[in-house]
Amino acid sequence: MAKRSFKVWRGDASGGEFKSFEVDVDPGMVVLDVLHRIQSRQANDLALRWNCKAGKCGSCSMEINGKPRLACMTRMNSFGDDETITTQPLKTFPVIKDLVTDVSWNYKQNQRIAKFKPRPREADGTHRMYQEDVDRVQEFRKCIECYLCQDVCHVIRDRGAKDEFVGPRFMIRLASLEMHPLDTDDRIPEIRKEFGSGLCNITRCCTEVCPEHIGITDNGIIPLKERVVDRYFDPVAGLLRKVRGITVRK
Amino acid sequence: MTFVVFTTFVIYTTWALFQAEYYYAEPYLSPYYSPVLFTDLSQPGAAPLEHAWFGSWPSWWPDFIPSSPAMLILVFPLSFRMSCYYYRKAYYRSFAGSPPGCAVGPLASKKKYRGETFLLLIQNLHRFALYAALAFIFLLGYDAVISFWRYGEFGIGVGSIILCINVVLIAGYTFGCHSLRHLIGGRKDCMSCGKNTAQYEAWKRVSWFNARHMQFAWLSLVWVMVTDLYVRLVAMGKITDLNTW
């Protein structure tokens with residue numbers, strides 16, 4: 001057992017500050033374990049959100065030493081022996097209390113996205129699709145909605161563009177629908193105009209923080225940006241559509 | 001690190017662009033100067049006339065601009081790199097500070113953020129730079145092949161190996177392009193439709209390169225400088241090319 005120094009942000013929407021704690025840490029502990037120990041022994045009213053403790057529910061998202069991470073997946077032995085560990089709430093969302101933030105803005109973004117609209121069933125009554133064609137979109141289904149990508153995205157974190165950019169989590173939700181072999185809805189105009197694909201400048205922080213290692217940028221956002229290019233910026237693609245008599249919504 | 005390597009590349013390439021001399025040492029041609037559209041034979045280390053697609057340097061060229069063949073072609077590979085989805089991350093972070101790092105506040109001005117919706121809409125033309133970059137694989141590949149023949153005699157030199165590595169790295173970088181990945185199959189929702197189609201196979205292969213795009217981007221960036229420097233030093237007589245001729 002070793003003593004470790006923690007700084008935990010305490011406060012609410014009206015303000016707060018970092019409080020220091022000295023905690024006994026056992027081998028094998030993760031940051032969430034230590035926060036629970038602080039909660040049980042030193043600060044019974046410490047608020048933190050958690051559930052599965054296995055990196056699958058996405059509840060314990062916070063900023064640990066300035067990096068958006070899951071507290072349950074951040075091992076204590078990943079820090080130096082004398083390093084002070086700082087935990088604070090996600091900066092992008094309003095604080096409710098201590099380490100708990102109000103992430104309801106994300107649910108509102110999700111509601112803005114048109115639902116899956118499958119093509120009619122085939123003659124045998126099935127919706128047939130092939131594994132290799134859905135592999136791409138299944139990657140996006142790994143998302144646990146921890147919103148670390150939303151938190152780290154500088155467009156919504158620092159640029160105040162919450163009304164213009166839907167954020168990486170919902171860009172991959174859009175990608176999962178747009179690329180789905182059964183979905184018939186044309187989402188490209190909304191992806192550009194309402195959801196702000198052009199505001200993403202590909203700095204890949206969302207991919208770097210994703211605990212599910214989803215290729216958010218390479219497999220989700222960039223392919224969507226390329227589809228937007230097809231529709232709006234590629235005169236050759238436009239000419240080919242004209243020749244083939246294909247009309248698209250702009 | 002990104003800032004240092006990228007700045008070195010920009011400075012070295014700009015310098016090499018204006019040199020207009022010592023870019024050819026039989027049978028090696030610097031990749032910065034390939035293809036040679038015109039050659040100015042009055043310059044030391046210039047490509048011979050038979051290497052120039054359109055012959056001698058045009059007389060109407062203004063005197064105050066160096067007669068550098070690189071000036072006529074370098075815009076194509078440079079525009080490919082500058083609009084590359086990987087390099088965008090690198091220079092938005094290291095040069096524009098937008099953001100300088102993940103979860104770090106932007107260094108850029110507090111003016112309204114427009115991302116790639118205003119002046120940077122030009123980034124959307126990356127696929128056109130890709131078309132040129134694909135042509136350059138063949139051009140540089142040709143240079144690598146003919147580097148094994150010196151005055152009609154087959155042989156091999158250190159320069160031949162350097163030119164071959166250069167074209168392999170540039171091809172690896174180009175084949176991993178996100179636009180290529182889209183155009184070759186990614187644009188479709190149903191790439192295979194249950195069949196082992198050539199399009200789906202091609203998409204899988206490009207995806208392999210795409211997953212290594214960053215590594216190929218940096219390796220090819222450094223190697224193209226090394227290649228130019230090697231050819232330049234051989235042409236200047238500063239080093240001797242070890243070869244079988």
# chains A, B, ... in the order shown; residues from 1 in each chain; ligands from 1
call {"tool": "closest_atom_pairs", "arguments": {"of": "chain B", "to": "chain A", "cutoff": "10 Å", "atoms": "only C-alpha atoms", "output": "JSON lines"}}
result
{"residue": "B:Tyr85", "atom": "CA", "partner": "A:Ile202", "partner_atom": "CA", "distance": 6.9}
{"residue": "B:Tyr86", "atom": "CA", "partner": "A:Ile202", "partner_atom": "CA", "distance": 7.9}
{"residue": "B:Tyr87", "atom": "CA", "partner": "A:Ile202", "partner_atom": "CA", "distance": 9.3}
{"residue": "B:Arg88", "atom": "CA", "partner": "A:Ile202", "partner_atom": "CA", "distance": 6.7}
{"residue": "B:Lys89", "atom": "CA", "partner": "A:Thr203", "partner_atom": "CA", "distance": 4.3}
{"residue": "B:Ala90", "atom": "CA", "partner": "A:Thr203", "partner_atom": "CA", "distance": 7.5}
{"residue": "B:Tyr91", "atom": "CA", "partner": "A:Thr203", "partner_atom": "CA", "distance": 9.1}
{"residue": "B:Tyr92", "atom": "CA", "partner": "A:Thr203", "partner_atom": "CA", "distance": 7.1}
{"residue": "B:Arg93", "atom": "CA", "partner": "A:Thr203", "partner_atom": "CA", "distance": 6.9}
{"residue": "B:Ser98", "atom": "CA", "partner": "A:His154", "partner_atom": "CA", "distance": 7.9}
{"residue": "B:Pro99", "atom": "CA", "partner": "A:His154", "partner_atom": "CA", "distance": 6.6}
{"residue": "B:Pro100", "atom": "CA", "partner": "A:Thr203", "partner_atom": "CA", "distance": 9.4}
{"residue": "B:Gly101", "atom": "CA", "partner": "A:Cys205", "partner_atom": "CA", "distance": 8.0}
{"residue": "B:Cys102", "atom": "CA", "partner": "A:Cys205", "partner_atom": "CA", "distance": 5.3}
{"residue": "B:Ala103", "atom": "CA", "partner": "A:Val152", "partner_atom": "CA", "distance": 5.2}
{"residue": "B:Val104", "atom": "CA", "partner": "A:His154", "partner_atom": "CA", "distance": 8.1}
{"residue": "B:Gly105", "atom": "CA", "partner": "A:Asp158", "partner_atom": "CA", "distance": 6.3}
{"residue": "B:Pro106", "atom": "CA", "partner": "A:Asp158", "partner_atom": "CA", "distance": 7.2}
{"residue": "B:Lys110", "atom": "CA", "partner": "A:Arg159", "partner_atom": "CA", "distance": 8.3}
{"residue": "B:Lys111", "atom": "CA", "partner": "A:Arg159", "partner_atom": "CA", "distance": 9.3}
{"residue": "B:Lys112", "atom": "CA", "partner": "A:Arg159", "partner_atom": "CA", "distance": 7.7}
{"residue": "B:Tyr113", "atom": "CA", "partner": "A:Arg159", "partner_atom": "CA", "distance": 6.3}
{"residue": "B:Arg114", "atom": "CA", "partner": "A:Leu199", "partner_atom": "CA", "distance": 6.2}
{"residue": "B:Gly115", "atom": "CA", "partner": "A:Leu199", "partner_atom": "CA", "distance": 4.3}
{"residue": "B:Glu116", "atom": "CA", "partner": "A:Gly198", "partner_atom": "CA", "distance": 5.0}
{"residue": "B:Thr117", "atom": "CA", "partner": "A:Gly198", "partner_atom": "CA", "distance": 5.2}
{"residue": "B:Phe118", "atom": "CA", "partner": "A:Gly198", "partner_atom": "CA", "distance": 8.9}
{"residue": "B:Leu120", "atom": "CA", "partner": "A:Gly198", "partner_atom": "CA", "distance": 9.2}
{"residue": "B:Leu121", "atom": "CA", "partner": "A:Gly198", "partner_atom": "CA", "distance": 8.0}
{"residue": "B:Ile122", "atom": "CA", "partner": "A:Phe233", "partner_atom": "CA", "distance": 9.2}
{"residue": "B:Gln123", "atom": "CA", "partner": "A:Val229", "partner_atom": "CA", "distance": 9.8}
{"residue": "B:Asn124", "atom": "CA", "partner": "A:Val229", "partner_atom": "CA", "distance": 6.1}
{"residue": "B:Leu125", "atom": "CA", "partner": "A:Phe233", "partner_atom": "CA", "distance": 7.3}
{"residue": "B:His126", "atom": "CA", "partner": "A:Val229", "partner_atom": "CA", "distance": 9.5}
{"residue": "B:Arg127", "atom": "CA", "partner": "A:Asp234", "partner_atom": "CA", "distance": 8.7}
{"residue": "B:Phe128", "atom": "CA", "partner": "A:Asp234", "partner_atom": "CA", "distance": 8.9}
{"residue": "B:His178", "atom": "CA", "partner": "A:Ile222", "partner_atom": "CA", "distance": 7.3}
{"residue": "B:Ser179", "atom": "CA", "partner": "A:Glu226", "partner_atom": "CA", "distance": 6.7}
{"residue": "B:Leu180", "atom": "CA", "partner": "A:Glu226", "partner_atom": "CA", "distance": 9.9}
{"residue": "B:Arg181", "atom": "CA", "partner": "A:Pro223", "partner_atom": "CA", "distance": 8.5}
{"residue": "B:His182", "atom": "CA", "partner": "A:Pro223", "partner_atom": "CA", "distance": 6.4}
{"residue": "B:Leu183", "atom": "CA", "partner": "A:Glu226", "partner_atom": "CA", "distance": 8.6}
{"residue": "B:Gly186", "atom": "CA", "partner": "A:Pro223", "partner_atom": "CA", "distance": 7.1}
{"residue": "B:Arg187", "atom": "CA", "partner": "A:Arg227", "partner_atom": "CA", "distance": 6.6}
{"residue": "B:Lys188", "atom": "CA", "partner": "A:Met179", "partner_atom": "CA", "distance": 7.4}
{"residue": "B:Asp189", "atom": "CA", "partner": "A:Pro181", "partner_atom": "CA", "distance": 4.8}
{"residue": "B:Cys190", "atom": "CA", "partner": "A:Pro181", "partner_atom": "CA", "distance": 5.4}
{"residue": "B:Met191", "atom": "CA", "partner": "A:Asp133", "partner_atom": "CA", "distance": 6.3}
{"residue": "B:Ser192", "atom": "CA", "partner": "A:Asp133", "partner_atom": "CA", "distance": 6.6}
{"residue": "B:Cys193", "atom": "CA", "partner": "A:Tyr130", "partner_atom": "CA", "distance": 6.3}
{"residue": "B:Gly194", "atom": "CA", "partner": "A:Tyr130", "partner_atom": "CA", "distance": 5.5}
{"residue": "B:Lys195", "atom": "CA", "partner": "A:Tyr130", "partner_atom": "CA", "distance": 9.1}
{"residue": "B:Asn196", "atom": "CA", "partner": "A:Glu132", "partner_atom": "CA", "distance": 9.8}
{"residue": "B:Tyr200", "atom": "CA", "partner": "A:Glu132", "partner_atom": "CA", "distance": 8.8}
{"residue": "B:Ser207", "atom": "CA", "partner": "A:Asn219", "partner_atom": "CA", "distance": 9.5}
{"residue": "B:Asn210", "atom": "CA", "partner": "A:Asp218", "partner_atom": "CA", "distance": 8.3}
{"residue": "B:Ala211", "atom": "CA", "partner": "A:Asp218", "partner_atom": "CA", "distance": 8.4}
call {"tool": "write_last_selection", "arguments": {"atoms": "C-alpha atoms", "output": "PDB file, in the first residue's frame"}}
result
ATOM      1  CA  TYR B  85      -5.948  14.458 -44.427  1.00  0.00           C
ATOM      2  CA  TYR B  86      -3.033  13.261 -42.313  1.00  0.00           C
ATOM      3  CA  TYR B  87      -0.863  16.341 -42.775  1.00  0.00           C
ATOM      4  CA  ARG B  88      -3.825  18.585 -42.039  1.00  0.00           C
ATOM      5  CA  LYS B  89      -3.798  17.238 -38.511  1.00  0.00           C
ATOM      6  CA  ALA B  90      -0.055  17.759 -38.290  1.00  0.00           C
ATOM      7  CA  TYR B  91      -0.002  21.355 -39.428  1.00  0.00           C
ATOM      8  CA  TYR B  92      -3.290  22.480 -37.896  1.00  0.00           C
ATOM      9  CA  ARG B  93      -1.849  21.333 -34.589  1.00  0.00           C
ATOM     10  CA  SER B  98      -5.915  24.815 -33.724  1.00  0.00           C
ATOM     11  CA  PRO B  99      -5.680  23.077 -31.303  1.00  0.00           C
ATOM     12  CA  PRO B 100      -1.992  22.751 -30.292  1.00  0.00           C
ATOM     13  CA  GLY B 101      -2.833  19.484 -28.533  1.00  0.00           C
ATOM     14  CA  CYS B 102      -5.809  17.446 -27.452  1.00  0.00           C
ATOM     15  CA  ALA B 103      -7.800  19.150 -24.676  1.00  0.00           C
ATOM     16  CA  VAL B 104      -5.506  22.178 -24.939  1.00  0.00           C
ATOM     17  CA  GLY B 105      -7.029  25.560 -25.702  1.00  0.00           C
ATOM     18  CA  PRO B 106      -6.415  26.975 -29.207  1.00  0.00           C
ATOM     19  CA  LYS B 110     -10.467  34.355 -31.006  1.00  0.00           C
ATOM     20  CA  LYS B 111     -12.170  35.180 -34.287  1.00  0.00           C
ATOM     21  CA  LYS B 112     -15.109  33.043 -35.283  1.00  0.00           C
ATOM     22  CA  TYR B 113     -13.941  29.531 -36.041  1.00  0.00           C
ATOM     23  CA  ARG B 114     -14.818  28.424 -39.560  1.00  0.00           C
ATOM     24  CA  GLY B 115     -12.892  25.158 -39.831  1.00  0.00           C
ATOM     25  CA  GLU B 116     -12.832  23.988 -43.421  1.00  0.00           C
ATOM     26  CA  THR B 117     -15.897  25.918 -44.481  1.00  0.00           C
ATOM     27  CA  PHE B 118     -14.430  29.207 -45.718  1.00  0.00           C
ATOM     28  CA  LEU B 120     -10.055  26.122 -46.344  1.00  0.00           C
ATOM     29  CA  LEU B 121     -12.833  24.837 -48.563  1.00  0.00           C
ATOM     30  CA  ILE B 122      -9.938  24.372 -50.964  1.00  0.00           C
ATOM     31  CA  GLN B 123      -8.974  21.273 -48.965  1.00  0.00           C
ATOM     32  CA  ASN B 124     -11.948  19.600 -50.612  1.00  0.00           C
ATOM     33  CA  LEU B 125      -9.974  19.458 -53.847  1.00  0.00           C
ATOM     34  CA  HIS B 126      -7.580  16.893 -52.373  1.00  0.00           C
ATOM     35  CA  ARG B 127      -8.774  14.209 -54.795  1.00  0.00           C
ATOM     36  CA  PHE B 128      -7.575  16.253 -57.766  1.00  0.00           C
ATOM     37  CA  HIS B 178      -8.251   8.767 -47.835  1.00  0.00           C
ATOM     38  CA  SER B 179      -9.641  10.159 -51.086  1.00  0.00           C
ATOM     39  CA  LEU B 180      -8.385   7.118 -52.977  1.00  0.00           C
ATOM     40  CA  ARG B 181      -9.989   4.876 -50.365  1.00  0.00           C
ATOM     41  CA  HIS B 182     -13.257   6.674 -50.960  1.00  0.00           C
ATOM     42  CA  LEU B 183     -13.061   6.722 -54.739  1.00  0.00           C
ATOM     43  CA  GLY B 186     -15.672   3.601 -49.906  1.00  0.00           C
ATOM     44  CA  ARG B 187     -18.220   5.811 -51.640  1.00  0.00           C
ATOM     45  CA  LYS B 188     -20.511   2.797 -52.027  1.00  0.00           C
ATOM     46  CA  ASP B 189     -22.671   1.392 -49.261  1.00  0.00           C
ATOM     47  CA  CYS B 190     -22.588  -2.021 -50.867  1.00  0.00           C
ATOM     48  CA  MET B 191     -19.037  -2.723 -52.004  1.00  0.00           C
ATOM     49  CA  SER B 192     -19.307  -6.463 -52.376  1.00  0.00           C
ATOM     50  CA  CYS B 193     -23.042  -7.260 -52.231  1.00  0.00           C
ATOM     51  CA  GLY B 194     -22.006 -10.771 -51.309  1.00  0.00           C
ATOM     52  CA  LYS B 195     -19.537 -11.223 -54.138  1.00  0.00           C
ATOM     53  CA  ASN B 196     -15.781 -11.071 -53.978  1.00  0.00           C
ATOM     54  CA  TYR B 200     -14.053  -4.593 -52.513  1.00  0.00           C
ATOM     55  CA  SER B 207      -7.457   0.376 -46.338  1.00  0.00           C
ATOM     56  CA  ASN B 210      -4.567   3.859 -45.161  1.00  0.00           C
ATOM     57  CA  ALA B 211      -4.009   2.405 -41.693  1.00  0.00           C
TER      58      ALA B 211
END
call {"tool": "residues_around", "arguments": {"residues": "Ala235 (chain B)", "least_positions_apart": "2", "cutoff": "8 Å", "atoms": "only C-alpha atoms", "output": "mmCIF file with C-alpha atoms, in the first residue's frame"}}
result
data_model
loop_
_atom_site.group_PDB
_atom_site.id
_atom_site.type_symbol
_atom_site.label_atom_id
_atom_site.label_comp_id
_atom_site.auth_asym_id
_atom_site.auth_seq_id
_atom_site.Cartn_x
_atom_site.Cartn_y
_atom_site.Cartn_z
ATOM 1 C CA TYR B 22 23.045 19.790 -59.679
ATOM 2 C CA TYR B 23 19.802 17.866 -59.839
ATOM 3 C CA TYR B 24 21.051 15.249 -62.293
ATOM 4 C CA ALA B 25 23.947 12.838 -62.009
ATOM 5 C CA GLY B 45 24.324 19.335 -63.133
ATOM 6 C CA VAL B 231 21.716 13.130 -56.181
ATOM 7 C CA ARG B 232 22.803 16.712 -55.534
ATOM 8 C CA LEU B 233 25.972 15.678 -53.695
ATOM 9 C CA GLY B 237 31.183 15.653 -56.923
ATOM 10 C CA LYS B 238 31.094 15.931 -53.142
#
call {"tool": "atom_distance", "arguments": {"atom1": "CA of Val100 (chain A)", "atom2": "CA of Arg49 (chain A)"}}
result
6.0 Å
call {"tool": "atom_distance", "arguments": {"atom1": "CA of Tyr33 (chain B)", "atom2": "CA of Pro58 (chain B)"}}
result
16.5 Å
call {"tool": "closest_residue", "arguments": {"among": "B:Thr174, B:Thr240, B:Ser30, B:Thr197", "to": "Phe209 (chain B)", "atoms": "only C-alpha atoms"}}
result
B:Thr174
call {"tool": "select_by_dssp", "arguments": {"residues": "region 60-192 of chain A", "states": "helix (DSSP H, G or I)", "output": "ChimeraX atom specification"}}
result
/A:71-73,76-78,104-112,131-140,148-152,154-157,168-178,188-192
call {"tool": "write_last_selection", "arguments": {"atoms": "N, CA and C atoms", "output": "short mmCIF file (atom, residue, chain, number, x, y, z; two decimals), in the first residue's frame"}}
result
data_model
loop_
_atom_site.label_atom_id
_atom_site.label_comp_id
_atom_site.auth_asym_id
_atom_site.auth_seq_id
_atom_site.Cartn_x
_atom_site.Cartn_y
_atom_site.Cartn_z
N ALA A 71 -12.30 6.80 -15.87
CA ALA A 71 -11.59 6.58 -14.59
C ALA A 71 -11.41 5.10 -14.31
N CYS A 72 -12.34 4.28 -14.80
CA CYS A 72 -12.25 2.84 -14.51
C CYS A 72 -11.20 2.14 -15.36
N MET A 73 -10.73 2.80 -16.41
CA MET A 73 -9.75 2.18 -17.30
C MET A 73 -8.37 2.83 -17.16
N MET A 76 -3.61 2.99 -11.88
CA MET A 76 -2.76 3.86 -11.05
C MET A 76 -1.29 3.66 -11.39
N ASN A 77 -0.92 2.45 -11.81
CA ASN A 77 0.51 2.24 -12.11
C ASN A 77 0.93 2.86 -13.45
N SER A 78 -0.02 3.54 -14.11
CA SER A 78 0.38 4.26 -15.32
C SER A 78 0.93 5.65 -14.99
N SER A 104 -26.70 16.17 -21.37
CA SER A 104 -27.97 16.05 -22.10
C SER A 104 -27.92 16.72 -23.48
N TRP A 105 -27.00 17.65 -23.67
CA TRP A 105 -26.84 18.25 -25.01
C TRP A 105 -26.63 17.16 -26.07
N ASN A 106 -25.90 16.12 -25.68
CA ASN A 106 -25.64 15.03 -26.62
C ASN A 106 -26.92 14.29 -27.02
N TYR A 107 -27.82 14.12 -26.06
CA TYR A 107 -29.07 13.42 -26.38
C TYR A 107 -29.89 14.24 -27.37
N LYS A 108 -29.80 15.56 -27.23
CA LYS A 108 -30.54 16.42 -28.16
C LYS A 108 -29.96 16.31 -29.57
N GLN A 109 -28.64 16.18 -29.66
CA GLN A 109 -28.02 16.01 -30.99
C GLN A 109 -28.50 14.71 -31.63
N ASN A 110 -28.56 13.69 -30.80
CA ASN A 110 -28.99 12.38 -31.30
C ASN A 110 -30.41 12.45 -31.87
N GLN A 111 -31.25 13.22 -31.20
CA GLN A 111 -32.65 13.34 -31.66
C GLN A 111 -32.76 14.07 -32.99
N ARG A 112 -31.76 14.86 -33.32
CA ARG A 112 -31.81 15.62 -34.59
C ARG A 112 -31.56 14.72 -35.80
N GLN A 131 -21.90 -9.50 -44.54
CA GLN A 131 -21.06 -9.14 -43.41
C GLN A 131 -20.00 -8.09 -43.78
N GLU A 132 -19.33 -8.30 -44.93
CA GLU A 132 -18.25 -7.37 -45.27
C GLU A 132 -18.78 -5.96 -45.54
N ASP A 133 -20.07 -5.89 -45.93
CA ASP A 133 -20.63 -4.56 -46.18
C ASP A 133 -21.06 -3.86 -44.89
N VAL A 134 -21.36 -4.64 -43.87
CA VAL A 134 -21.75 -4.01 -42.60
C VAL A 134 -20.60 -3.92 -41.60
N ASP A 135 -19.46 -4.52 -41.95
CA ASP A 135 -18.30 -4.42 -41.05
C ASP A 135 -17.98 -2.97 -40.72
N ARG A 136 -18.03 -2.17 -41.76
CA ARG A 136 -17.69 -0.75 -41.59
C ARG A 136 -18.59 -0.09 -40.54
N VAL A 137 -19.89 -0.31 -40.68
CA VAL A 137 -20.80 0.39 -39.78
C VAL A 137 -20.85 -0.29 -38.40
N GLN A 138 -20.49 -1.58 -38.35
CA GLN A 138 -20.50 -2.24 -37.05
C GLN A 138 -19.40 -1.70 -36.14
N GLU A 139 -18.33 -1.22 -36.75
CA GLU A 139 -17.27 -0.61 -35.94
C GLU A 139 -17.85 0.54 -35.12
N PHE A 140 -18.74 1.31 -35.73
CA PHE A 140 -19.29 2.47 -35.03
C PHE A 140 -20.25 2.06 -33.92
N LEU A 148 -16.21 11.10 -24.43
CA LEU A 148 -14.85 11.64 -24.32
C LEU A 148 -14.48 12.35 -25.62
N CYS A 149 -14.96 11.81 -26.76
CA CYS A 149 -14.65 12.44 -28.05
C CYS A 149 -15.34 13.79 -28.16
N GLN A 150 -16.54 13.87 -27.63
CA GLN A 150 -17.25 15.15 -27.65
C GLN A 150 -16.52 16.16 -26.76
N ASP A 151 -16.01 15.65 -25.64
CA ASP A 151 -15.34 16.53 -24.69
C ASP A 151 -14.04 17.09 -25.27
N VAL A 152 -13.31 16.24 -25.99
CA VAL A 152 -11.98 16.66 -26.45
C VAL A 152 -12.05 17.45 -27.76
N HIS A 154 -12.17 20.15 -30.14
CA HIS A 154 -11.96 21.57 -29.88
C HIS A 154 -13.06 22.44 -30.48
N VAL A 155 -13.76 21.90 -31.48
CA VAL A 155 -14.81 22.71 -32.13
C VAL A 155 -15.94 23.00 -31.14
N ILE A 156 -16.31 21.99 -30.34
CA ILE A 156 -17.37 22.24 -29.38
C ILE A 156 -16.83 22.58 -27.99
N ARG A 157 -15.59 22.23 -27.74
CA ARG A 157 -15.00 22.49 -26.41
C ARG A 157 -14.55 23.95 -26.27
N PRO A 168 -17.98 14.52 -32.83
CA PRO A 168 -17.52 13.25 -33.40
C PRO A 168 -18.44 12.07 -33.12
N ARG A 169 -19.00 12.00 -31.91
CA ARG A 169 -19.85 10.85 -31.60
C ARG A 169 -21.02 10.77 -32.59
N PHE A 170 -21.58 11.91 -32.92
CA PHE A 170 -22.75 11.87 -33.79
C PHE A 170 -22.37 11.90 -35.27
N MET A 171 -21.16 12.30 -35.55
CA MET A 171 -20.68 12.13 -36.92
C MET A 171 -20.56 10.63 -37.23
N ILE A 172 -20.10 9.85 -36.24
CA ILE A 172 -20.00 8.40 -36.54
C ILE A 172 -21.38 7.74 -36.52
N ARG A 173 -22.30 8.31 -35.77
CA ARG A 173 -23.67 7.77 -35.84
C ARG A 173 -24.23 8.06 -37.24
N LEU A 174 -23.97 9.27 -37.72
CA LEU A 174 -24.41 9.60 -39.08
C LEU A 174 -23.72 8.70 -40.10
N ALA A 175 -22.44 8.44 -39.88
CA ALA A 175 -21.70 7.57 -40.80
C ALA A 175 -22.30 6.16 -40.78
N SER A 176 -22.67 5.70 -39.59
CA SER A 176 -23.22 4.34 -39.50
C SER A 176 -24.53 4.21 -40.26
N LEU A 177 -25.26 5.31 -40.36
CA LEU A 177 -26.51 5.29 -41.12
C LEU A 177 -26.26 5.54 -42.60
N GLU A 178 -25.42 6.52 -42.88
CA GLU A 178 -25.16 6.91 -44.26
C GLU A 178 -24.51 5.77 -45.05
N ILE A 188 -26.64 13.46 -46.87
CA ILE A 188 -25.48 14.30 -47.18
C ILE A 188 -25.75 15.80 -47.00
N PRO A 189 -26.86 16.35 -47.51
CA PRO A 189 -27.07 17.79 -47.30
C PRO A 189 -27.10 18.18 -45.83
N GLU A 190 -27.73 17.35 -45.00
CA GLU A 190 -27.79 17.66 -43.56
C GLU A 190 -26.41 17.51 -42.92
N ILE A 191 -25.66 16.50 -43.37
CA ILE A 191 -24.32 16.30 -42.80
C ILE A 191 -23.47 17.54 -43.02
N ARG A 192 -23.63 18.14 -44.17
CA ARG A 192 -22.84 19.35 -44.44
C ARG A 192 -23.44 20.59 -43.75
#
call {"tool": "atom_distance", "arguments": {"atom1": "CA of Ile11 (chain B)", "atom2": "CA of Pro69 (chain B)"}}
result
18.1 Å
call {"tool": "residues_around", "arguments": {"residues": "Tyr12 (chain B)", "least_positions_apart": "6", "cutoff": "10 Å", "atoms": "only C-alpha atoms", "output": "ChimeraX atom specification"}}
result
/B:6,225,228-229
call {"tool": "write_last_selection", "arguments": {"atoms": "all heavy atoms", "output": "PDB file, in the first residue's frame"}}
result
ATOM      1  N   PHE B   6       8.596  19.054 -40.312  1.00  0.00           N
ATOM      2  CA  PHE B   6       7.838  19.706 -41.369  1.00  0.00           C
ATOM      3  C   PHE B   6       8.504  21.026 -41.780  1.00  0.00           C
ATOM      4  O   PHE B   6       8.580  21.347 -42.970  1.00  0.00           O
ATOM      5  CB  PHE B   6       6.402  19.949 -40.892  1.00  0.00           C
ATOM      6  CG  PHE B   6       5.385  19.862 -41.998  1.00  0.00           C
ATOM      7  CD1 PHE B   6       5.153  18.673 -42.672  1.00  0.00           C
ATOM      8  CD2 PHE B   6       4.656  20.982 -42.384  1.00  0.00           C
ATOM      9  CE1 PHE B   6       4.225  18.593 -43.692  1.00  0.00           C
ATOM     10  CE2 PHE B   6       3.725  20.908 -43.401  1.00  0.00           C
ATOM     11  CZ  PHE B   6       3.507  19.713 -44.064  1.00  0.00           C
ATOM     12  N   MET B 225      13.688  14.021 -49.414  1.00  0.00           N
ATOM     13  CA  MET B 225      14.762  14.992 -49.165  1.00  0.00           C
ATOM     14  C   MET B 225      16.121  14.312 -49.253  1.00  0.00           C
ATOM     15  O   MET B 225      17.061  14.851 -49.844  1.00  0.00           O
ATOM     16  CB  MET B 225      14.604  15.626 -47.772  1.00  0.00           C
ATOM     17  CG  MET B 225      13.489  16.629 -47.658  1.00  0.00           C
ATOM     18  SD  MET B 225      13.564  17.567 -46.117  1.00  0.00           S
ATOM     19  CE  MET B 225      12.940  16.381 -44.935  1.00  0.00           C
ATOM     20  N   ASP B 228      16.989  13.707 -52.922  1.00  0.00           N
ATOM     21  CA  ASP B 228      17.442  14.917 -53.604  1.00  0.00           C
ATOM     22  C   ASP B 228      18.858  15.272 -53.162  1.00  0.00           C
ATOM     23  O   ASP B 228      19.721  15.591 -53.992  1.00  0.00           O
ATOM     24  CB  ASP B 228      16.497  16.084 -53.303  1.00  0.00           C
ATOM     25  CG  ASP B 228      16.966  17.372 -53.954  1.00  0.00           C
ATOM     26  OD1 ASP B 228      16.720  17.551 -55.161  1.00  0.00           O
ATOM     27  OD2 ASP B 228      17.629  18.186 -53.276  1.00  0.00           O
ATOM     28  N   LEU B 229      19.089  15.181 -51.862  1.00  0.00           N
ATOM     29  CA  LEU B 229      20.407  15.535 -51.332  1.00  0.00           C
ATOM     30  C   LEU B 229      21.480  14.606 -51.894  1.00  0.00           C
ATOM     31  O   LEU B 229      22.571  15.052 -52.272  1.00  0.00           O
ATOM     32  CB  LEU B 229      20.373  15.469 -49.802  1.00  0.00           C
ATOM     33  CG  LEU B 229      21.620  15.936 -49.074  1.00  0.00           C
ATOM     34  CD1 LEU B 229      21.877  17.424 -49.320  1.00  0.00           C
ATOM     35  CD2 LEU B 229      21.511  15.677 -47.578  1.00  0.00           C
TER      36      LEU B 229
END
